[in-house]
$ cat data_29.cif   # mmCIF, C-alpha atoms
data_entry
#
loop_
_atom_site.group_PDB
_atom_site.id
_atom_site.type_symbol
_atom_site.label_atom_id
_atom_site.label_comp_id
_atom_site.auth_asym_id
_atom_site.auth_seq_id
_atom_site.Cartn_x
_atom_site.Cartn_y
_atom_site.Cartn_z
ATOM 1 C CA MET R 1 31.030 54.826 34.083
ATOM 2 C CA SER R 2 30.147 56.834 30.999
ATOM 3 C CA ALA R 3 26.767 58.410 30.448
ATOM 4 C CA THR R 4 26.247 56.186 27.419
ATOM 5 C CA ALA R 5 26.813 53.053 29.485
ATOM 6 C CA GLU R 6 24.438 54.312 32.161
ATOM 7 C CA ARG R 7 21.707 54.869 29.578
ATOM 8 C CA THR R 8 22.253 51.398 28.186
ATOM 9 C CA ILE R 9 21.839 49.815 31.626
ATOM 10 C CA ALA R 10 18.805 51.902 32.466
ATOM 11 C CA HIS R 11 17.072 51.288 29.131
ATOM 12 C CA PRO R 12 18.256 47.956 27.715
ATOM 13 C CA THR R 13 17.445 47.287 24.115
ATOM 14 C CA THR R 14 14.293 45.164 23.840
ATOM 15 C CA GLN R 15 14.633 42.325 21.374
ATOM 16 C CA ALA R 16 11.809 40.068 20.240
ATOM 17 C CA PRO R 17 12.464 36.408 20.974
ATOM 18 C CA ALA R 18 13.702 34.494 17.988
ATOM 19 C CA ALA R 19 10.895 32.748 16.169
ATOM 20 C CA SER R 20 10.847 29.006 16.566
ATOM 21 C CA PRO R 21 11.609 27.211 13.350
ATOM 22 C CA ALA R 22 8.556 25.792 11.652
ATOM 23 C CA ARG R 23 8.041 22.166 12.585
ATOM 24 C CA ALA R 24 8.213 19.959 9.544
ATOM 25 C CA GLU R 25 5.146 17.799 9.082
ATOM 26 C CA VAL R 26 5.760 14.188 10.056
ATOM 27 C CA ALA R 27 4.763 11.872 7.229
ATOM 28 C CA ASP R 28 2.211 9.193 7.993
ATOM 29 C CA PRO R 29 4.174 6.171 9.298
ATOM 30 C CA GLY R 30 1.111 3.916 9.069
ATOM 31 C CA PRO R 31 1.853 2.427 5.627
ATOM 32 C CA LEU R 32 5.421 1.614 6.699
ATOM 33 C CA GLY R 33 4.297 -0.081 9.894
ATOM 34 C CA LEU R 34 1.606 -2.055 8.079
ATOM 35 C CA ALA R 35 4.040 -3.193 5.374
ATOM 36 C CA ALA R 36 6.562 -4.342 7.994
ATOM 37 C CA PHE R 37 3.822 -6.234 9.807
ATOM 38 C CA ALA R 38 2.356 -7.725 6.625
ATOM 39 C CA LEU R 39 5.529 -9.109 5.058
ATOM 40 C CA THR R 40 6.842 -10.620 8.296
ATOM 41 C CA THR R 41 3.453 -12.186 9.006
ATOM 42 C CA MET R 42 3.304 -13.568 5.472
ATOM 43 C CA LEU R 43 6.632 -15.403 5.794
ATOM 44 C CA LEU R 44 5.818 -16.928 9.178
ATOM 45 C CA SER R 45 2.320 -17.871 8.050
ATOM 46 C CA LEU R 46 3.668 -19.719 5.008
ATOM 47 C CA ALA R 47 5.559 -21.931 7.433
ATOM 48 C CA ASN R 48 2.666 -22.268 9.908
ATOM 49 C CA ALA R 49 0.283 -23.238 7.116
ATOM 50 C CA GLY R 50 2.686 -25.968 6.006
ATOM 51 C CA LEU R 51 3.091 -24.433 2.578
ATOM 52 C CA VAL R 52 6.761 -23.373 2.651
ATOM 53 C CA GLY R 53 8.555 -24.633 5.723
ATOM 54 C CA GLU R 54 11.765 -22.831 4.811
ATOM 55 C CA ALA R 55 9.970 -19.480 5.063
ATOM 56 C CA GLY R 56 10.045 -19.819 8.832
ATOM 57 C CA ALA R 57 13.816 -19.267 8.896
ATOM 58 C CA THR R 58 13.569 -16.105 6.811
ATOM 59 C CA ALA R 59 10.701 -14.899 9.018
ATOM 60 C CA VAL R 60 13.063 -14.928 12.007
ATOM 61 C CA ALA R 61 15.493 -12.582 10.227
ATOM 62 C CA MET R 62 12.631 -10.375 9.026
ATOM 63 C CA ALA R 63 11.241 -10.301 12.572
ATOM 64 C CA LEU R 64 14.307 -8.451 13.821
ATOM 65 C CA PHE R 65 14.891 -5.840 11.157
ATOM 66 C CA TYR R 66 11.545 -5.179 9.484
ATOM 67 C CA GLY R 67 8.723 -6.576 11.563
ATOM 68 C CA GLY R 68 10.497 -5.582 14.781
ATOM 69 C CA LEU R 69 12.747 -2.532 14.570
ATOM 70 C CA THR R 70 11.054 -0.851 11.611
ATOM 71 C CA GLN R 71 7.543 -1.328 12.945
ATOM 72 C CA PHE R 72 8.629 -0.176 16.409
ATOM 73 C CA ALA R 73 10.057 3.002 14.853
ATOM 74 C CA ALA R 74 6.771 3.559 13.000
ATOM 75 C CA GLY R 75 5.001 3.418 16.342
ATOM 76 C CA LEU R 76 7.287 6.083 17.794
ATOM 77 C CA TRP R 77 6.515 8.339 14.832
ATOM 78 C CA GLU R 78 2.825 7.782 15.487
ATOM 79 C CA PHE R 79 3.415 9.168 18.995
ATOM 80 C CA ALA R 80 4.876 12.294 17.377
ATOM 81 C CA ARG R 81 1.740 12.620 15.237
ATOM 82 C CA GLY R 82 -0.530 12.253 18.256
ATOM 83 C CA ASN R 83 -2.074 8.985 17.008
ATOM 84 C CA THR R 84 -2.650 6.944 20.156
ATOM 85 C CA PHE R 85 -4.051 3.926 18.333
ATOM 86 C CA GLY R 86 -1.251 3.734 15.769
ATOM 87 C CA ALA R 87 1.424 4.330 18.407
ATOM 88 C CA THR R 88 0.075 1.584 20.662
ATOM 89 C CA ALA R 89 -0.398 -0.891 17.816
ATOM 90 C CA PHE R 90 2.898 -0.452 15.969
ATOM 91 C CA THR R 91 5.178 -0.270 19.001
ATOM 92 C CA SER R 92 3.425 -3.274 20.534
ATOM 93 C CA TYR R 93 3.575 -5.486 17.452
ATOM 94 C CA GLY R 94 7.104 -4.312 16.762
ATOM 95 C CA ALA R 95 7.951 -5.545 20.260
ATOM 96 C CA PHE R 96 6.060 -8.772 19.506
ATOM 97 C CA TRP R 97 8.320 -9.499 16.537
ATOM 98 C CA LEU R 98 11.430 -8.589 18.497
ATOM 99 C CA SER R 99 10.281 -10.965 21.235
ATOM 100 C CA PHE R 100 9.636 -13.663 18.643
ATOM 101 C CA TRP R 101 13.137 -13.176 17.225
ATOM 102 C CA TRP R 102 14.657 -13.468 20.706
ATOM 103 C CA LEU R 103 12.582 -16.549 21.495
ATOM 104 C CA ARG R 104 13.862 -18.250 18.342
ATOM 105 C CA THR R 105 17.511 -17.185 18.546
ATOM 106 C CA ALA R 106 18.416 -17.107 22.267
ATOM 107 C CA PRO R 107 20.239 -20.366 23.103
ATOM 108 C CA GLY R 108 17.936 -22.843 24.820
ATOM 109 C CA LEU R 109 15.071 -20.378 25.327
ATOM 110 C CA ALA R 110 12.608 -22.022 22.942
ATOM 111 C CA GLU R 111 13.302 -25.453 24.449
ATOM 112 C CA GLU R 112 12.836 -24.088 27.972
ATOM 113 C CA ALA R 113 9.553 -22.412 27.061
ATOM 114 C CA GLY R 114 8.216 -25.445 25.240
ATOM 115 C CA SER R 115 4.882 -25.601 23.476
ATOM 116 C CA LEU R 116 3.009 -24.638 26.652
ATOM 117 C CA GLY R 117 5.076 -21.503 27.240
ATOM 118 C CA VAL R 118 4.713 -20.415 23.619
ATOM 119 C CA GLY R 119 0.981 -21.081 23.864
ATOM 120 C CA PHE R 120 0.595 -18.688 26.783
ATOM 121 C CA PHE R 121 2.801 -16.162 24.982
ATOM 122 C CA LEU R 122 0.348 -16.323 22.079
ATOM 123 C CA LEU R 123 -2.619 -16.197 24.437
ATOM 124 C CA ALA R 124 -1.376 -12.906 25.870
ATOM 125 C CA TRP R 125 -1.192 -11.459 22.361
ATOM 126 C CA THR R 126 -4.627 -12.849 21.546
ATOM 127 C CA ILE R 127 -6.105 -10.897 24.450
ATOM 128 C CA PHE R 128 -4.251 -7.715 23.505
ATOM 129 C CA THR R 129 -5.305 -7.995 19.866
ATOM 130 C CA ALA R 130 -8.942 -8.565 20.790
ATOM 131 C CA LEU R 131 -8.896 -5.399 22.888
ATOM 132 C CA MET R 132 -7.255 -3.440 20.069
ATOM 133 C CA THR R 133 -9.945 -4.710 17.697
ATOM 134 C CA VAL R 134 -12.551 -2.869 19.762
ATOM 135 C CA ALA R 135 -10.588 0.372 19.301
ATOM 136 C CA ALA R 136 -10.028 -0.398 15.603
ATOM 137 C CA ALA R 137 -13.779 -0.268 15.054
ATOM 138 C CA LYS R 138 -13.469 3.547 15.066
ATOM 139 C CA THR R 139 -10.626 3.724 12.500
ATOM 140 C CA ASN R 140 -11.536 2.391 9.050
ATOM 141 C CA GLY R 141 -12.860 -0.810 7.540
ATOM 142 C CA ALA R 142 -9.500 -1.985 6.220
ATOM 143 C CA THR R 143 -7.742 -1.603 9.584
ATOM 144 C CA LEU R 144 -10.661 -3.235 11.379
ATOM 145 C CA ALA R 145 -10.456 -6.213 9.010
ATOM 146 C CA VAL R 146 -6.744 -6.570 9.795
ATOM 147 C CA PHE R 147 -7.417 -6.745 13.522
ATOM 148 C CA VAL R 148 -10.371 -9.117 13.243
ATOM 149 C CA LEU R 149 -8.312 -11.517 11.127
ATOM 150 C CA LEU R 150 -5.284 -11.141 13.400
ATOM 151 C CA THR R 151 -7.371 -11.970 16.457
ATOM 152 C CA LEU R 152 -8.625 -15.141 14.769
ATOM 153 C CA THR R 153 -5.053 -15.973 13.740
ATOM 154 C CA PHE R 154 -3.798 -15.700 17.311
ATOM 155 C CA VAL R 155 -6.731 -17.767 18.598
ATOM 156 C CA ALA R 156 -5.910 -20.609 16.207
ATOM 157 C CA LEU R 157 -2.167 -20.474 16.892
ATOM 158 C CA THR R 158 -2.783 -20.394 20.644
ATOM 159 C CA ILE R 159 -4.946 -23.508 20.435
ATOM 160 C CA GLY R 160 -2.317 -25.139 18.261
ATOM 161 C CA ASP R 161 0.404 -24.702 20.880
ATOM 162 C CA LEU R 162 -1.628 -25.199 24.054
ATOM 163 C CA ALA R 163 -3.404 -28.305 22.749
ATOM 164 C CA GLY R 164 -0.606 -29.571 20.523
ATOM 165 C CA ALA R 165 -3.024 -29.430 17.595
ATOM 166 C CA THR R 166 -1.132 -29.242 14.317
ATOM 167 C CA GLY R 167 -4.374 -28.684 12.427
ATOM 168 C CA ALA R 168 -5.125 -25.529 14.429
ATOM 169 C CA THR R 169 -1.643 -24.207 13.711
ATOM 170 C CA ARG R 170 -2.179 -24.762 9.992
ATOM 171 C CA VAL R 171 -5.517 -22.934 10.182
ATOM 172 C CA GLY R 172 -3.699 -20.132 11.993
ATOM 173 C CA GLY R 173 -1.184 -20.031 9.175
ATOM 174 C CA CYS R 174 -3.922 -19.673 6.578
ATOM 175 C CA LEU R 175 -5.619 -16.955 8.619
ATOM 176 C CA GLY R 176 -2.225 -15.270 8.972
ATOM 177 C CA LEU R 177 -1.850 -15.189 5.195
ATOM 178 C CA ALA R 178 -5.258 -13.517 4.927
ATOM 179 C CA THR R 179 -4.240 -11.034 7.635
ATOM 180 C CA ALA R 180 -1.011 -10.250 5.801
ATOM 181 C CA ALA R 181 -2.856 -9.713 2.514
ATOM 182 C CA VAL R 182 -5.327 -7.243 4.047
ATOM 183 C CA ALA R 183 -2.540 -5.438 5.942
ATOM 184 C CA LEU R 184 -0.484 -5.144 2.755
ATOM 185 C CA TYR R 185 -3.486 -3.741 0.894
ATOM 186 C CA THR R 186 -4.072 -1.214 3.686
ATOM 187 C CA SER R 187 -0.406 -0.175 3.503
ATOM 188 C CA TRP R 188 -0.614 0.113 -0.283
ATOM 189 C CA ALA R 189 -3.761 2.218 -0.031
ATOM 190 C CA GLY R 190 -2.185 4.528 2.539
ATOM 191 C CA VAL R 191 1.010 5.237 0.617
ATOM 192 C CA THR R 192 -0.770 5.484 -2.754
ATOM 193 C CA ASN R 193 -3.461 7.861 -1.520
ATOM 194 C CA ALA R 194 -0.852 10.033 0.215
ATOM 195 C CA THR R 195 1.364 10.149 -2.872
ATOM 196 C CA TRP R 196 -1.450 10.844 -5.339
ATOM 197 C CA LYS R 197 -3.027 13.259 -2.825
ATOM 198 C CA ARG R 198 -6.468 11.835 -3.365
ATOM 199 C CA GLN R 199 -8.304 8.610 -2.644
ATOM 200 C CA VAL R 200 -7.224 6.060 -5.214
ATOM 201 C CA LEU R 201 -7.744 2.940 -3.114
ATOM 202 C CA PRO R 202 -10.588 2.876 -0.569
ATOM 203 C CA VAL R 203 -10.055 2.021 3.097
ATOM 204 C CA TRP R 204 -13.699 2.576 4.108
ATOM 205 C CA PRO R 205 -13.464 5.191 6.896
ATOM 206 C CA ARG R 206 -15.745 4.655 9.887
ATOM 207 C CA SER R 207 -17.345 7.459 11.877
#
$ encode --input "data_29.cif" --output "structure tokens"
Amino acid sequence: MSATAERTIAHPTTQAPAASPARAEVADPGPLGLAAFALTTMLLSLANAGLVGEAGATAVAMALFYGGLTQFAAGLWEFARGNTFGATAFTSYGAFWLSFWWLRTAPGLAEEAGSLGVGFFLLAWTIFTALMTVAAAKTNGATLAVFVLLTLTFVALTIGDLAGATGATRVGGCLGLATAAVALYTSWAGVTNATWKRQVLPVWPRS
């Protein structure tokens, strides 16, 4: 072995570890998730309220691609941002819309579940939404309003299916339209404020 090789082995060249590439900032997925939730809720609520029955069919398609998959993806991005509330909400309601799509499209599933099964399905989401409303009290006024209205919507729809009360379902549809409107405003405020880089539309932050 040459002297040069021996020196190289004895005193290896010290190299600084390569610097990790800078992590690109993840854009706020909240406005996307809220928009997906709002538009899907609006279509279904038009049908539930008895205003546009045909909107129910389009809500099923929207439930898969926008309300379901897109909102679920927004929730995963919220995990990347470290937002526990947003991650839990968006992935959960994305899964809700995917479940709704499956319930309406799987052969014979809706008939097997019946009104009672759907009622308990809605009851489970009523409980979850009520619990999330408590957490939403520490976010902002707009988000809190969405969850309060959504809780009331689920309560009315649950009563409608469990009791076979068409009137309650129609009330739930009207409440759903209000929920969708507030959610769409909150989405609009989020994307507008982020794009303009200042508060253009208020969301009423809570301490």
$ closest_residue --input "data_29.cif" --among "R:Gly33, R:Gly164, R:Gly56, R:Pro202" --to "Gly86 in chain R" --atoms "only C-alpha atoms"
R:Gly33
$ resolve_selection --input "data_29.cif" --expression "the PyMOL selection byres ((chain R and resi 187-196) around 8)" --output "list in words"
Gly30, Pro31, Leu32, Gly33, Leu34, Ala35, Ala183, Leu184, Tyr185, Thr186, Lys197, Arg198, Gln199, Val200, Leu201, Pro202 and Val203 of chain R
$ closest_residue --input "data_29.cif" --among "R:Ala181, R:Val26, R:Ala74, R:Val148" --to "Thr126 in chain R" --atoms "all atoms listed in the file"
R:Val148
$ closest_residue --input "data_29.cif" --among "R:Gly114, R:Gly67, R:Pro205, R:Gly167" --to "Phe37 in chain R" --atoms "all atoms listed in the file"
R:Gly67
$ atom_distance --input "data_29.cif" --atom1 "CA of Phe147 in chain R" --atom2 "CA of Thr129 in chain R"
6.8 Å
$ decode --input "data_29.cif" --residues "range 24-111 of chain R" --atoms "C-alpha atoms" --output "PDB file, in the first residue's frame"
ATOM      1  CA  ALA R  24     -41.700  24.471   0.869  1.00  0.00           C
ATOM      2  CA  GLU R  25     -44.489  26.046   2.874  1.00  0.00           C
ATOM      3  CA  VAL R  26     -47.739  24.115   2.596  1.00  0.00           C
ATOM      4  CA  ALA R  27     -50.556  26.418   1.539  1.00  0.00           C
ATOM      5  CA  ASP R  28     -53.584  26.607   3.790  1.00  0.00           C
ATOM      6  CA  PRO R  29     -55.940  23.799   2.669  1.00  0.00           C
ATOM      7  CA  GLY R  30     -58.792  25.163   4.797  1.00  0.00           C
ATOM      8  CA  PRO R  31     -60.524  27.189   2.057  1.00  0.00           C
ATOM      9  CA  LEU R  32     -60.435  24.181  -0.285  1.00  0.00           C
ATOM     10  CA  GLY R  33     -61.901  21.849   2.315  1.00  0.00           C
ATOM     11  CA  LEU R  34     -64.607  24.347   3.248  1.00  0.00           C
ATOM     12  CA  ALA R  35     -65.553  24.928  -0.398  1.00  0.00           C
ATOM     13  CA  ALA R  36     -65.808  21.176  -1.028  1.00  0.00           C
ATOM     14  CA  PHE R  37     -67.978  20.801   2.058  1.00  0.00           C
ATOM     15  CA  ALA R  38     -70.137  23.833   1.254  1.00  0.00           C
ATOM     16  CA  LEU R  39     -71.022  23.036  -2.353  1.00  0.00           C
ATOM     17  CA  THR R  40     -71.799  19.371  -1.682  1.00  0.00           C
ATOM     18  CA  THR R  41     -73.929  20.313   1.321  1.00  0.00           C
ATOM     19  CA  MET R  42     -75.755  22.927  -0.743  1.00  0.00           C
ATOM     20  CA  LEU R  43     -76.803  20.425  -3.424  1.00  0.00           C
ATOM     21  CA  LEU R  44     -78.016  17.809  -0.948  1.00  0.00           C
ATOM     22  CA  SER R  45     -79.801  20.430   1.136  1.00  0.00           C
ATOM     23  CA  LEU R  46     -81.704  21.720  -1.897  1.00  0.00           C
ATOM     24  CA  ALA R  47     -83.145  18.233  -2.232  1.00  0.00           C
ATOM     25  CA  ASN R  48     -83.754  17.759   1.511  1.00  0.00           C
ATOM     26  CA  ALA R  49     -85.548  21.098   1.726  1.00  0.00           C
ATOM     27  CA  GLY R  50     -87.839  20.056  -1.123  1.00  0.00           C
ATOM     28  CA  LEU R  51     -86.707  22.935  -3.293  1.00  0.00           C
ATOM     29  CA  VAL R  52     -84.909  21.094  -6.116  1.00  0.00           C
ATOM     30  CA  GLY R  53     -85.365  17.354  -5.906  1.00  0.00           C
ATOM     31  CA  GLU R  54     -83.068  16.725  -8.858  1.00  0.00           C
ATOM     32  CA  ALA R  55     -80.158  18.262  -6.939  1.00  0.00           C
ATOM     33  CA  GLY R  56     -79.987  15.113  -4.845  1.00  0.00           C
ATOM     34  CA  ALA R  57     -78.661  13.110  -7.805  1.00  0.00           C
ATOM     35  CA  THR R  58     -75.914  15.632  -8.511  1.00  0.00           C
ATOM     36  CA  ALA R  59     -75.056  15.706  -4.796  1.00  0.00           C
ATOM     37  CA  VAL R  60     -74.210  11.996  -4.974  1.00  0.00           C
ATOM     38  CA  ALA R  61     -71.659  12.616  -7.747  1.00  0.00           C
ATOM     39  CA  MET R  62     -70.267  15.652  -5.918  1.00  0.00           C
ATOM     40  CA  ALA R  63     -70.027  13.582  -2.729  1.00  0.00           C
ATOM     41  CA  LEU R  64     -67.437  11.306  -4.306  1.00  0.00           C
ATOM     42  CA  PHE R  65     -65.126  13.712  -6.073  1.00  0.00           C
ATOM     43  CA  TYR R  66     -65.394  17.047  -4.274  1.00  0.00           C
ATOM     44  CA  GLY R  67     -67.067  16.615  -0.920  1.00  0.00           C
ATOM     45  CA  GLY R  68     -65.322  13.273  -0.392  1.00  0.00           C
ATOM     46  CA  LEU R  69     -61.924  12.889  -2.042  1.00  0.00           C
ATOM     47  CA  THR R  70     -61.026  16.578  -2.228  1.00  0.00           C
ATOM     48  CA  GLN R  71     -62.045  17.330   1.340  1.00  0.00           C
ATOM     49  CA  PHE R  72     -60.257  14.204   2.582  1.00  0.00           C
ATOM     50  CA  ALA R  73     -57.079  15.383   0.829  1.00  0.00           C
ATOM     51  CA  ALA R  74     -57.458  18.807   2.465  1.00  0.00           C
ATOM     52  CA  GLY R  75     -57.533  17.061   5.823  1.00  0.00           C
ATOM     53  CA  LEU R  76     -54.287  15.234   5.072  1.00  0.00           C
ATOM     54  CA  TRP R  77     -52.640  18.546   4.195  1.00  0.00           C
ATOM     55  CA  GLU R  78     -53.862  19.925   7.505  1.00  0.00           C
ATOM     56  CA  PHE R  79     -51.944  17.090   9.196  1.00  0.00           C
ATOM     57  CA  ALA R  80     -48.818  18.289   7.376  1.00  0.00           C
ATOM     58  CA  ARG R  81     -49.427  21.808   8.703  1.00  0.00           C
ATOM     59  CA  GLY R  82     -49.865  20.548  12.255  1.00  0.00           C
ATOM     60  CA  ASN R  83     -53.516  21.668  12.466  1.00  0.00           C
ATOM     61  CA  THR R  84     -55.209  18.995  14.562  1.00  0.00           C
ATOM     62  CA  PHE R  85     -58.662  20.555  14.348  1.00  0.00           C
ATOM     63  CA  GLY R  86     -58.596  21.033  10.577  1.00  0.00           C
ATOM     64  CA  ALA R  87     -57.124  17.573  10.001  1.00  0.00           C
ATOM     65  CA  THR R  88     -59.777  15.886  12.137  1.00  0.00           C
ATOM     66  CA  ALA R  89     -62.642  17.880  10.631  1.00  0.00           C
ATOM     67  CA  PHE R  90     -61.770  17.651   6.936  1.00  0.00           C
ATOM     68  CA  THR R  91     -60.731  13.998   6.868  1.00  0.00           C
ATOM     69  CA  SER R  92     -63.810  13.056   8.887  1.00  0.00           C
ATOM     70  CA  TYR R  93     -66.320  14.955   6.765  1.00  0.00           C
ATOM     71  CA  GLY R  94     -64.539  13.833   3.623  1.00  0.00           C
ATOM     72  CA  ALA R  95     -65.110  10.276   4.849  1.00  0.00           C
ATOM     73  CA  PHE R  96     -68.728  11.199   5.631  1.00  0.00           C
ATOM     74  CA  TRP R  97     -69.346  12.180   2.012  1.00  0.00           C
ATOM     75  CA  LEU R  98     -67.567   9.097   0.720  1.00  0.00           C
ATOM     76  CA  SER R  99     -69.757   6.994   3.011  1.00  0.00           C
ATOM     77  CA  PHE R 100     -72.841   8.828   1.769  1.00  0.00           C
ATOM     78  CA  TRP R 101     -71.825   8.152  -1.839  1.00  0.00           C
ATOM     79  CA  TRP R 102     -71.345   4.450  -1.076  1.00  0.00           C
ATOM     80  CA  LEU R 103     -74.662   4.266   0.763  1.00  0.00           C
ATOM     81  CA  ARG R 104     -76.451   5.716  -2.264  1.00  0.00           C
ATOM     82  CA  THR R 105     -74.635   3.782  -4.995  1.00  0.00           C
ATOM     83  CA  ALA R 106     -73.894   0.310  -3.560  1.00  0.00           C
ATOM     84  CA  PRO R 107     -76.568  -2.097  -4.863  1.00  0.00           C
ATOM     85  CA  GLY R 108     -79.227  -2.766  -2.242  1.00  0.00           C
ATOM     86  CA  LEU R 109     -77.366  -1.045   0.606  1.00  0.00           C
ATOM     87  CA  ALA R 110     -79.778   1.860   1.057  1.00  0.00           C
ATOM     88  CA  GLU R 111     -82.767  -0.504   1.041  1.00  0.00           C
TER      89      GLU R 111
END
